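Visitor: Below you'll find run.cif; it's mmCIF, C-alpha atoms.
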```
data_query
#
loop_
_atom_site.label_atom_id
_atom_site.label_comp_id
_atom_site.auth_asym_id
_atom_site.auth_seq_id
_atom_site.Cartn_x
_atom_site.Cartn_y
_atom_site.Cartn_z
CA MET A 168 -125.71 -128.74 215.59
CA GLU A 169 -128.09 -126.24 214.01
CA GLU A 170 -126.87 -124.66 210.80
CA PRO A 171 -127.28 -121.06 209.69
CA ASN A 172 -130.08 -120.66 207.17
CA LEU A 173 -132.14 -118.04 205.37
CA GLU A 174 -135.57 -119.37 206.26
CA TYR A 175 -136.56 -116.39 208.40
CA LEU A 176 -135.44 -113.83 205.81
CA TYR A 177 -137.22 -115.65 202.98
CA GLN A 178 -140.40 -115.88 205.04
CA LEU A 179 -140.19 -112.22 206.02
CA SER A 180 -139.74 -111.01 202.46
CA ASP A 181 -141.75 -113.48 200.38
CA ASN A 182 -138.55 -114.96 198.96
CA ASP A 183 -137.17 -111.61 197.88
CA MET A 184 -133.53 -112.43 197.12
CA GLU A 185 -132.61 -108.77 196.76
CA PHE A 186 -133.77 -108.10 200.33
CA VAL A 187 -132.02 -111.22 201.65
CA HIS A 188 -128.76 -110.10 200.06
CA GLN A 189 -129.26 -106.63 201.48
CA ILE A 190 -129.51 -108.03 205.00
CA LEU A 191 -126.50 -110.29 204.50
CA ALA A 192 -124.52 -107.32 203.20
CA VAL A 193 -125.43 -105.39 206.35
CA ILE A 194 -124.31 -108.32 208.50
CA ASN A 195 -121.04 -108.46 206.55
CA GLU A 196 -120.59 -104.75 207.12
CA GLU A 197 -121.59 -104.56 210.80
CA LEU A 198 -120.41 -107.83 212.29
CA PRO A 199 -116.61 -107.38 211.90
CA ILE A 200 -116.83 -103.90 213.43
CA GLU A 201 -119.00 -105.05 216.34
CA LEU A 202 -116.79 -108.08 216.90
CA ALA A 203 -113.64 -105.93 217.01
CA GLN A 204 -115.31 -103.57 219.50
CA TYR A 205 -116.45 -106.54 221.58
CA GLN A 206 -112.94 -108.06 221.62
CA GLU A 207 -111.48 -104.75 222.74
CA MET A 208 -114.00 -104.46 225.58
CA ILE A 209 -113.20 -108.00 226.71
CA THR A 210 -109.47 -107.36 226.53
CA THR A 211 -109.79 -104.19 228.58
CA GLY A 212 -112.18 -105.76 231.08
CA GLN A 213 -115.11 -103.51 230.17
CA TYR A 214 -117.65 -106.29 230.47
CA HIS A 215 -120.78 -104.15 230.68
CA GLU A 216 -119.87 -102.49 227.39
CA ALA A 217 -119.08 -105.93 225.95
CA ALA A 218 -122.56 -107.09 227.05
CA GLN A 219 -124.12 -104.23 225.08
CA LEU A 220 -122.29 -105.40 221.97
CA VAL A 221 -123.41 -108.99 222.56
CA HIS A 222 -126.95 -107.64 222.74
CA LYS A 223 -126.54 -106.13 219.27
CA ILE A 224 -124.73 -109.10 217.76
CA LYS A 225 -127.11 -111.78 219.05
CA HIS A 226 -129.95 -110.46 216.90
CA LYS A 227 -127.91 -111.47 213.84
CA PHE A 228 -127.77 -115.04 215.16
CA ILE A 229 -131.51 -115.39 215.12
CA ILE A 230 -131.85 -113.68 211.75
CA VAL A 231 -129.89 -116.57 210.25
CA GLY A 232 -131.82 -119.15 212.23
CA LEU A 233 -129.34 -119.91 215.02
CA LYS A 234 -131.81 -120.17 217.90
CA SER A 235 -129.54 -122.09 220.28
CA SER A 236 -126.67 -119.68 219.59
CA TYR A 237 -129.03 -116.79 220.27
CA LYS A 238 -129.98 -118.28 223.64
CA SER A 239 -126.33 -118.85 224.47
CA ALA A 240 -125.50 -115.25 223.51
CA HIS A 241 -128.37 -114.03 225.68
CA ALA A 242 -126.92 -115.98 228.62
CA HIS A 243 -123.45 -114.63 227.79
CA GLU A 244 -124.83 -111.10 227.85
CA ASP A 245 -126.30 -111.63 231.32
CA LEU A 246 -123.11 -113.27 232.62
CA LEU A 247 -120.96 -110.44 231.30
CA ARG A 248 -123.01 -108.02 233.34
CA ASP A 249 -121.79 -110.02 236.35
CA ASN A 250 -118.20 -109.87 235.01
CA ASN A 251 -118.36 -113.55 234.05
CA VAL A 252 -116.72 -114.49 230.70
CA THR A 253 -117.47 -118.24 230.82
CA LEU A 254 -119.32 -118.22 227.48
CA HIS A 255 -116.85 -116.02 225.62
CA ASP A 256 -115.28 -118.79 223.51
CA GLU A 257 -118.64 -120.24 222.54
CA PHE A 258 -119.82 -116.77 221.56
CA ILE A 259 -116.79 -116.22 219.34
CA GLU A 260 -117.38 -119.60 217.67
CA ASN A 261 -120.96 -118.63 216.90
CA VAL A 262 -120.00 -115.20 215.58
CA THR A 263 -117.49 -116.89 213.29
CA ARG A 264 -120.18 -119.26 212.00
CA VAL A 265 -122.51 -116.37 211.20
CA SER A 266 -119.70 -114.40 209.62
CA ASN A 267 -118.59 -117.33 207.42
CA PHE A 268 -122.19 -118.01 206.42
CA SER A 269 -122.96 -114.43 205.39
CA LEU A 270 -119.62 -114.07 203.60
CA ASP A 271 -120.57 -117.02 201.37
CA TYR A 272 -123.25 -114.77 199.89
CA LYS A 273 -120.94 -111.83 199.26
CA MET B 233 -149.04 -92.72 208.23
CA GLU B 234 -145.62 -91.17 208.45
CA CYS B 235 -143.31 -93.07 210.77
CA ILE B 236 -139.73 -93.13 212.01
CA ILE B 237 -137.56 -96.03 213.10
CA ILE B 238 -135.17 -95.73 216.05
CA ASP B 239 -132.76 -98.63 216.53
CA ASP B 240 -129.01 -98.69 217.04
CA GLU B 241 -128.73 -101.82 214.93
CA LEU B 242 -128.79 -101.45 211.15
CA THR B 243 -130.09 -104.96 210.43
CA ALA B 244 -133.07 -104.26 212.70
CA ARG B 245 -133.77 -100.95 210.95
CA VAL B 246 -133.63 -102.59 207.51
CA ILE B 247 -136.01 -105.36 208.60
CA THR B 248 -138.43 -102.90 210.23
CA ALA B 249 -138.36 -100.71 207.13
CA ARG B 250 -139.08 -103.75 204.98
CA LEU B 251 -142.13 -104.66 207.05
CA CYS B 252 -143.29 -101.05 206.90
CA ALA B 253 -143.02 -101.19 203.10
CA GLN B 254 -145.39 -104.16 203.14
CA GLU B 255 -148.05 -101.95 204.78
CA SER B 256 -149.48 -99.73 202.05
CA ASP B 257 -150.19 -96.74 204.27
CA LEU B 258 -146.86 -96.62 206.14
CA ASP B 259 -144.21 -94.21 204.99
CA VAL B 260 -140.83 -94.37 206.74
CA VAL B 261 -139.71 -90.74 206.64
CA GLU B 262 -136.53 -91.13 208.70
CA GLN B 263 -134.41 -93.71 210.50
CA PHE B 264 -132.17 -93.09 213.50
CA ASN B 265 -129.48 -95.15 215.19
CA ASP B 266 -129.60 -92.88 218.22
CA ALA B 267 -132.67 -91.78 220.21
CA ILE B 268 -131.21 -88.35 220.91
CA ASP B 269 -131.06 -87.58 217.18
CA ALA B 270 -134.69 -88.68 216.95
CA ILE B 271 -135.68 -86.27 219.72
CA LYS B 272 -133.95 -83.42 217.89
CA TYR B 273 -135.84 -84.39 214.72
CA LEU B 274 -139.17 -84.54 216.57
CA ASN B 275 -138.60 -81.08 218.00
CA ASN B 276 -139.20 -79.74 214.50
CA LYS B 277 -141.40 -82.35 212.86
CA SER B 278 -144.25 -84.60 213.83
CA VAL B 279 -144.93 -88.17 212.74
CA ASP B 280 -147.86 -90.55 213.14
CA LEU B 281 -145.97 -93.53 214.51
CA ILE B 282 -142.60 -94.37 216.04
CA PHE B 283 -140.91 -97.78 215.95
CA LEU B 284 -138.60 -97.76 218.93
CA ASP B 285 -135.86 -100.10 220.08
CA ILE B 286 -135.73 -100.18 223.88
CA HIS B 287 -132.17 -101.27 224.46
CA MET B 288 -129.76 -98.69 223.11
CA PRO B 289 -126.45 -97.79 224.74
CA THR B 290 -126.42 -94.03 225.21
CA PHE B 291 -130.10 -93.15 225.58
CA ASN B 292 -132.51 -96.04 225.85
CA GLY B 293 -136.09 -96.32 224.67
CA ILE B 294 -137.69 -95.65 228.05
CA ASP B 295 -135.58 -92.49 228.43
CA PHE B 296 -136.82 -91.51 224.96
CA VAL B 297 -140.48 -92.08 225.86
CA GLN B 298 -140.09 -90.01 229.03
CA THR B 299 -138.47 -87.20 227.07
CA LEU B 300 -140.98 -87.14 224.24
CA LYS B 301 -143.05 -83.95 224.26
CA PHE B 302 -145.84 -85.18 222.02
CA LYS B 303 -148.27 -88.06 222.22
CA THR B 304 -147.11 -89.95 219.19
CA PRO B 305 -148.04 -93.67 219.24
CA ILE B 306 -145.02 -95.91 219.76
CA ILE B 307 -144.46 -99.55 218.91
CA CYS B 308 -141.52 -100.91 220.91
CA ILE B 309 -139.25 -103.40 219.20
CA THR B 310 -136.81 -105.24 221.41
CA SER B 311 -135.17 -108.52 222.36
CA ASP B 312 -136.13 -108.01 225.99
CA ARG B 313 -139.35 -109.51 227.26
CA ASP B 314 -138.66 -108.00 230.66
CA PHE B 315 -139.56 -104.49 229.58
CA ALA B 316 -143.07 -105.29 228.37
CA VAL B 317 -144.95 -104.77 231.64
CA ASP B 318 -143.22 -101.49 232.37
CA ALA B 319 -143.46 -100.29 228.78
CA PHE B 320 -147.25 -100.39 228.93
CA GLN B 321 -147.23 -97.96 231.85
CA TYR B 322 -146.79 -95.35 229.14
CA ASP B 323 -150.07 -94.71 227.42
CA ASN B 324 -148.56 -93.88 224.06
CA ILE B 325 -146.78 -97.24 223.85
CA VAL B 326 -149.42 -99.14 221.91
CA GLY B 327 -147.44 -102.19 220.83
CA TYR B 328 -144.54 -104.31 221.98
CA LEU B 329 -142.84 -106.60 219.48
CA LEU B 330 -140.01 -109.01 220.14
CA LYS B 331 -137.07 -109.49 217.81
CA PRO B 332 -136.88 -111.18 215.41
CA LEU B 333 -139.94 -109.43 214.05
CA ASP B 334 -142.85 -111.57 212.99
CA ARG B 335 -144.82 -110.35 209.96
CA ASN B 336 -148.25 -111.13 211.38
CA LYS B 337 -147.56 -109.61 214.78
CA PHE B 338 -146.10 -106.54 213.11
CA ALA B 339 -149.20 -106.15 210.94
CA LYS B 340 -151.48 -106.53 213.98
CA ALA B 341 -149.57 -103.88 215.94
CA VAL B 342 -149.82 -101.45 213.03
CA GLU B 343 -153.53 -102.21 212.66
CA LYS B 344 -154.00 -101.31 216.32
CA VAL B 345 -152.40 -97.93 215.66
CA ARG B 346 -154.69 -97.42 212.67
CA GLN B 347 -157.72 -98.08 214.84
CA LEU B 348 -156.52 -95.67 217.50
CA THR B 349 -155.74 -93.01 214.93
CA ASN B 350 -159.12 -93.39 213.24
CA SER B 351 -160.99 -93.25 216.52
CA PRO B 352 -160.54 -89.81 218.07
CA THR B 353 -162.18 -90.82 221.34
CA ALA B 354 -160.11 -93.91 221.74
CA ALA B 355 -157.00 -92.03 220.73
CA SER B 356 -157.57 -89.27 223.24
CA GLU B 357 -158.25 -91.81 225.94
CA GLN B 358 -155.43 -94.15 225.15
CA ILE B 359 -152.76 -91.81 223.88
CA SER B 360 -153.11 -89.09 226.40
CA SER B 361 -149.63 -88.61 227.69
CA SER B 362 -146.06 -89.82 227.58
CA GLU B 363 -146.11 -89.91 231.36
CA PRO B 364 -146.95 -93.19 233.09
CA SER B 365 -150.67 -93.54 233.62
CA ALA B 366 -152.12 -92.19 236.84
CA SER B 367 -153.34 -95.56 237.97
CA ALA B 368 -149.91 -97.09 237.52
CA SER B 369 -148.33 -94.19 239.38
CA ASN B 370 -150.71 -94.31 242.29
CA THR B 371 -150.03 -97.93 242.94
CA THR B 372 -146.29 -97.44 243.15
CA HIS B 373 -145.77 -93.95 244.50
CA ASP B 374 -146.52 -94.67 248.13
CA THR B 375 -143.68 -97.02 248.86
CA HIS B 376 -141.24 -97.32 246.02
CA LEU B 377 -140.13 -96.40 242.55
CA TYR B 378 -138.43 -98.19 239.67
CA VAL B 379 -135.19 -96.95 238.17
CA ASN B 380 -133.60 -97.92 234.89
CA ILE B 381 -130.17 -99.47 235.45
CA ASP B 382 -128.38 -101.35 232.70
CA ARG B 383 -131.66 -102.01 230.84
CA ARG B 384 -133.31 -103.39 233.97
CA LEU B 385 -135.96 -101.65 235.99
CA VAL B 386 -134.87 -101.97 239.57
CA LYS B 387 -137.29 -101.45 242.45
CA ILE B 388 -136.11 -99.15 245.22
CA GLU B 389 -138.11 -98.67 248.42
CA PHE B 390 -138.33 -94.98 249.29
CA ASP B 391 -137.50 -95.56 252.93
CA THR B 392 -134.23 -97.31 252.13
CA ILE B 393 -132.94 -94.17 250.38
CA TYR B 394 -131.01 -91.77 252.58
CA VAL B 395 -129.49 -89.38 250.06
CA ILE B 396 -129.59 -88.70 246.32
CA GLU B 397 -126.75 -86.82 244.72
CA ALA B 398 -126.63 -85.17 241.27
CA LYS B 399 -123.63 -86.29 239.20
CA GLY B 400 -123.73 -84.53 235.84
CA ASP B 401 -126.21 -86.37 233.62
CA TYR B 402 -126.67 -89.01 236.33
CA ILE B 403 -127.91 -89.26 239.88
CA LEU B 404 -126.41 -91.39 242.61
CA ILE B 405 -129.09 -92.95 244.81
CA LYS B 406 -127.64 -94.13 248.11
CA THR B 407 -129.69 -96.69 250.00
CA GLU B 408 -129.19 -98.77 253.12
CA GLU B 409 -128.14 -101.72 250.98
CA LYS B 410 -126.33 -100.33 247.96
CA ASN B 411 -125.83 -97.36 245.70
CA TYR B 412 -127.40 -96.93 242.27
CA THR B 413 -126.20 -94.69 239.45
CA VAL B 414 -129.11 -93.74 237.22
CA HIS B 415 -129.30 -91.65 234.06
CA SER B 416 -131.73 -89.00 235.29
CA THR B 417 -131.92 -85.62 236.97
CA LEU B 418 -132.52 -84.56 240.53
CA LYS B 419 -135.64 -82.71 239.38
CA LYS B 420 -137.16 -85.85 237.84
CA ILE B 421 -136.65 -88.01 240.89
CA GLU B 422 -137.73 -85.20 243.22
CA ASP B 423 -141.12 -85.24 241.50
CA LYS B 424 -141.46 -88.97 242.22
CA LEU B 425 -140.50 -88.86 245.89
CA PRO B 426 -142.98 -88.39 248.75
CA LYS B 427 -142.65 -84.74 249.75
CA ASP B 428 -143.29 -85.40 253.44
CA ARG B 429 -140.11 -87.45 253.74
CA PHE B 430 -137.68 -86.00 251.21
CA LEU B 431 -136.25 -82.53 250.81
CA LYS B 432 -133.85 -80.95 248.36
CA VAL B 433 -131.35 -79.26 250.65
CA HIS B 434 -128.84 -78.25 248.00
CA ARG B 435 -128.84 -78.02 244.21
CA SER B 436 -127.02 -81.36 244.13
CA TYR B 437 -128.63 -83.21 247.05
CA ILE B 438 -131.98 -84.58 248.16
CA ILE B 439 -132.11 -86.15 251.59
CA HIS B 440 -134.52 -88.38 253.51
CA LEU B 441 -135.49 -86.24 256.50
CA LEU B 442 -135.91 -89.17 258.88
CA LYS B 443 -132.33 -90.31 258.24
CA ILE B 444 -130.66 -87.15 259.54
CA VAL B 445 -128.27 -87.85 262.40
CA ASP B 446 -127.34 -84.26 263.19
CA ILE B 447 -127.19 -80.79 261.73
CA GLU B 448 -124.27 -78.46 262.05
CA ASP B 449 -124.01 -75.02 260.46
CA ASN B 450 -124.70 -75.55 256.78
CA SER B 451 -124.47 -79.31 256.61
CA VAL B 452 -126.34 -82.39 257.77
CA LEU B 453 -124.91 -85.74 258.75
CA ILE B 454 -126.72 -88.71 257.25
CA LYS B 455 -125.17 -92.11 257.92
CA ARG B 456 -121.52 -91.16 257.46
CA ASP B 457 -122.13 -88.62 254.71
CA VAL B 458 -121.85 -84.92 255.37
CA ILE B 459 -124.33 -83.24 253.04
CA PRO B 460 -124.14 -79.50 252.33
CA VAL B 461 -127.27 -77.42 252.92
CA SER B 462 -127.63 -74.28 250.84
CA ARG B 463 -128.39 -70.97 252.53
CA THR B 464 -131.79 -70.71 250.84
CA ASN B 465 -132.81 -74.25 251.77
CA LYS B 466 -131.69 -74.12 255.39
CA PRO B 467 -134.85 -72.30 256.65
CA ILE B 468 -137.05 -74.82 254.82
CA LEU B 469 -135.12 -77.68 256.38
CA MET B 470 -135.47 -76.17 259.84
CA GLN B 471 -139.23 -75.77 259.38
CA ARG B 472 -139.55 -79.42 258.48
CA LEU B 473 -137.71 -80.70 261.54
CA ASN B 474 -139.39 -81.59 264.80
CA LEU B 475 -137.41 -79.17 266.96
CA LEU B 476 -137.62 -79.15 270.74
#
```
Please, can you express the file's structure as structure tokens?

Guide:
Amino acid sequence: MEEPNLEYLYQLSDNDMEFVHQILAVINEELPIELAQYQEMITTGQYHEAAQLVHKIKHKFIIVGLKSSYKSAHAHEDLLRDNNVTLHDEFIENVTRVSNFSLDYK
Amino acid sequence: MECIIIDDELTARVITARLCAQESDLDVVEQFNDAIDAIKYLNNKSVDLIFLDIHMPTFNGIDFVQTLKFKTPIICITSDRDFAVDAFQYDNIVGYLLKPLDRNKFAKAVEKVRQLTNSPTAASEQISSSEPSASASNTTHDTHLYVNIDRRLVKIEFDTIYVIEAKGDYILIKTEEKNYTVHSTLKKIEDKLPKDRFLKVHRSYIIHLLKIVDIEDNSVLIKRDVIPVSRTNKPILMQRLNLL
């Protein structure tokens, strides 16, 4: 299984640790809020709105190098637009991985 | 070059701003998480370049481009490959970058804007309008149009439409197959429709003239819908009909 990493952020910023920590701080700030909103939309059956949140969240996956998770989230987004929640559990697992990873740098 | 960044996602704005900082002549003067706030800002100020996310919940990037009064160059930044072909229908969209942003591709897109800005002829030719280019319009206007629904551009054949109804900030396009709710105005879609087949019969309704079943007093029957006809539009409707 692919592991979260900071390769993309280092490459983007010429190994600027301050910038990398800035991005991780933003992820730590945004992700819990977006996840809570997403969960509420799923609970209330508002799948199109949930898909919009997946669209926002999935970008964070690829920022920390989770390409497969990004693809899965992309598929989840499309399925949600057809009211299909098949990939919900996998998505939550991946969000948790990103969240745990970024929190390690807090 | 003064630029603004429009993206509903903070991580994306921070990354875009970082890449801008790596270009010596780019100055990010403002960032927006909502395209409507950006439009309000641009009503009072001008910038040289706009970095624009396409997929935003309340008012998406294509809506923004269509609303923009000025010819500011735009570099689209999005996760959606699907929008690329349609994005380039707009002459002021000069670049299209996929997330996650790549440094080299970002630098190339900005360089392209520099070249356009430094070449008045090229700029006037290539950044002439925020409307879709004439050639693109001519190829599509005869038979169909594309509407933006849930970040997808959906093709609708003109002759499948039988009525279009205004619904606040949206329009409801009823076709033979299904109905589409689109964030737009009756005026905007009226301008796109062939005038020989469609007529605005009421402030809230445009109808396809060939789909009328019957007319009674101040209403027309189309399929099973009874559509009101305003007093001022009734004479125009009557002129357009092939009356015995």

Visitor: Record the distance separating CA of Lys337 in chain B and CA of Tyr175 in chain A, expressed in Å with one decimal.

Guide: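 Value for the CA of Lys337 in chain B-CA of Tyr175 in chain A distance: 14.4 Å.
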
Visitor: Using all atoms listed in the file, I'd like every residue of chain A that has an atom within 9 Å of chain B; please write them out as an MDAnalysis selection string.

Guide: chainID A and resid 175:176 178:180 186 189:191 193:194 197 215:216 219 222:224 226:227 229:230 248

Visitor: Save out the residues we just selected, C-alpha atoms, as a PDB file, in the coordinates of the input.

Guide:
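Saved file part-v4.pdb follows:
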```pdb
ATOM      1  CA  TYR A 175    -136.560-116.390 208.400  1.00  0.00           C
ATOM      2  CA  LEU A 176    -135.440-113.830 205.810  1.00  0.00           C
ATOM      3  CA  GLN A 178    -140.400-115.880 205.040  1.00  0.00           C
ATOM      4  CA  LEU A 179    -140.190-112.220 206.020  1.00  0.00           C
ATOM      5  CA  SER A 180    -139.740-111.010 202.460  1.00  0.00           C
ATOM      6  CA  PHE A 186    -133.770-108.100 200.330  1.00  0.00           C
ATOM      7  CA  GLN A 189    -129.260-106.630 201.480  1.00  0.00           C
ATOM      8  CA  ILE A 190    -129.510-108.030 205.000  1.00  0.00           C
ATOM      9  CA  LEU A 191    -126.500-110.290 204.500  1.00  0.00           C
ATOM     10  CA  VAL A 193    -125.430-105.390 206.350  1.00  0.00           C
ATOM     11  CA  ILE A 194    -124.310-108.320 208.500  1.00  0.00           C
ATOM     12  CA  GLU A 197    -121.590-104.560 210.800  1.00  0.00           C
ATOM     13  CA  HIS A 215    -120.780-104.150 230.680  1.00  0.00           C
ATOM     14  CA  GLU A 216    -119.870-102.490 227.390  1.00  0.00           C
ATOM     15  CA  GLN A 219    -124.120-104.230 225.080  1.00  0.00           C
ATOM     16  CA  HIS A 222    -126.950-107.640 222.740  1.00  0.00           C
ATOM     17  CA  LYS A 223    -126.540-106.130 219.270  1.00  0.00           C
ATOM     18  CA  ILE A 224    -124.730-109.100 217.760  1.00  0.00           C
ATOM     19  CA  HIS A 226    -129.950-110.460 216.900  1.00  0.00           C
ATOM     20  CA  LYS A 227    -127.910-111.470 213.840  1.00  0.00           C
ATOM     21  CA  ILE A 229    -131.510-115.390 215.120  1.00  0.00           C
ATOM     22  CA  ILE A 230    -131.850-113.680 211.750  1.00  0.00           C
ATOM     23  CA  ARG A 248    -123.010-108.020 233.340  1.00  0.00           C
TER      24      ARG A 248
END
```

Visitor: Pull out every residue that the PyMOL selection byres ((chain B and resi 260-277) around 12) matches in the shown coordinates and put them as a PyMOL selection string.

Guide: chain B and resi 233-259+278-304

Visitor: For the structure shown, which residues end up in the PyMOL selection byres ((chain A and resi 204-208) around 10)? Put them as a count of residues only, please?

Guide: 22

Visitor: Excluding same-chain residues fewer than 4 positions from His434 in chain B, what lies within 12 Å of it counting only C-alpha atoms, as an MDAnalysis selection string?

Guide: chainID B and resid 395:398 418:419 438:439 450:452 459:466 468:469

Visitor: Please produce a file of those selected residues containing C-alpha atoms, as a PDB file, in the coordinates of the input.

Guide:
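Result written to result_13.pdb:
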```
ATOM      1  CA  VAL B 395    -129.490 -89.380 250.060  1.00  0.00           C
ATOM      2  CA  ILE B 396    -129.590 -88.700 246.320  1.00  0.00           C
ATOM      3  CA  GLU B 397    -126.750 -86.820 244.720  1.00  0.00           C
ATOM      4  CA  ALA B 398    -126.630 -85.170 241.270  1.00  0.00           C
ATOM      5  CA  LEU B 418    -132.520 -84.560 240.530  1.00  0.00           C
ATOM      6  CA  LYS B 419    -135.640 -82.710 239.380  1.00  0.00           C
ATOM      7  CA  ILE B 438    -131.980 -84.580 248.160  1.00  0.00           C
ATOM      8  CA  ILE B 439    -132.110 -86.150 251.590  1.00  0.00           C
ATOM      9  CA  ASN B 450    -124.700 -75.550 256.780  1.00  0.00           C
ATOM     10  CA  SER B 451    -124.470 -79.310 256.610  1.00  0.00           C
ATOM     11  CA  VAL B 452    -126.340 -82.390 257.770  1.00  0.00           C
ATOM     12  CA  ILE B 459    -124.330 -83.240 253.040  1.00  0.00           C
ATOM     13  CA  PRO B 460    -124.140 -79.500 252.330  1.00  0.00           C
ATOM     14  CA  VAL B 461    -127.270 -77.420 252.920  1.00  0.00           C
ATOM     15  CA  SER B 462    -127.630 -74.280 250.840  1.00  0.00           C
ATOM     16  CA  ARG B 463    -128.390 -70.970 252.530  1.00  0.00           C
ATOM     17  CA  THR B 464    -131.790 -70.710 250.840  1.00  0.00           C
ATOM     18  CA  ASN B 465    -132.810 -74.250 251.770  1.00  0.00           C
ATOM     19  CA  LYS B 466    -131.690 -74.120 255.390  1.00  0.00           C
ATOM     20  CA  ILE B 468    -137.050 -74.820 254.820  1.00  0.00           C
ATOM     21  CA  LEU B 469    -135.120 -77.680 256.380  1.00  0.00           C
TER      22      LEU B 469
END
```

Visitor: Could you list as a list in words every residue that has an atom within 6 Å of (-128.9, -119.3, 209.9), using the file's coordinates and counting only C-alpha atoms?

Guide: Glu170, Pro171, Asn172, Leu173, Val231, Gly232 and Leu233 of chain A

Visitor: Which distance in Å separates CA of Val342 in chain B and CA of Asp314 in chain B, to one decimal?

Guide: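 Interatomic distance, CA of Val342 in chain B to CA of Asp314 in chain B: 21.9 Å.
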
Visitor: What does the structure give for the distance between CA of Thr417 in chain B and CA of Ile403 in chain B, in Å to one decimal?

Guide: 6.1 Å

Visitor: Tell me which residues come within 6 Å of (-123.7, -114.3, 223.1), as a list in words, counting all atoms listed in the file in the file's coordinates.

Guide: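 These residues have at least one counted atom within 6 Å: Val221, Lys225, Ser239, Ala240, His241, His243, Glu244 and Phe258 of chain A.
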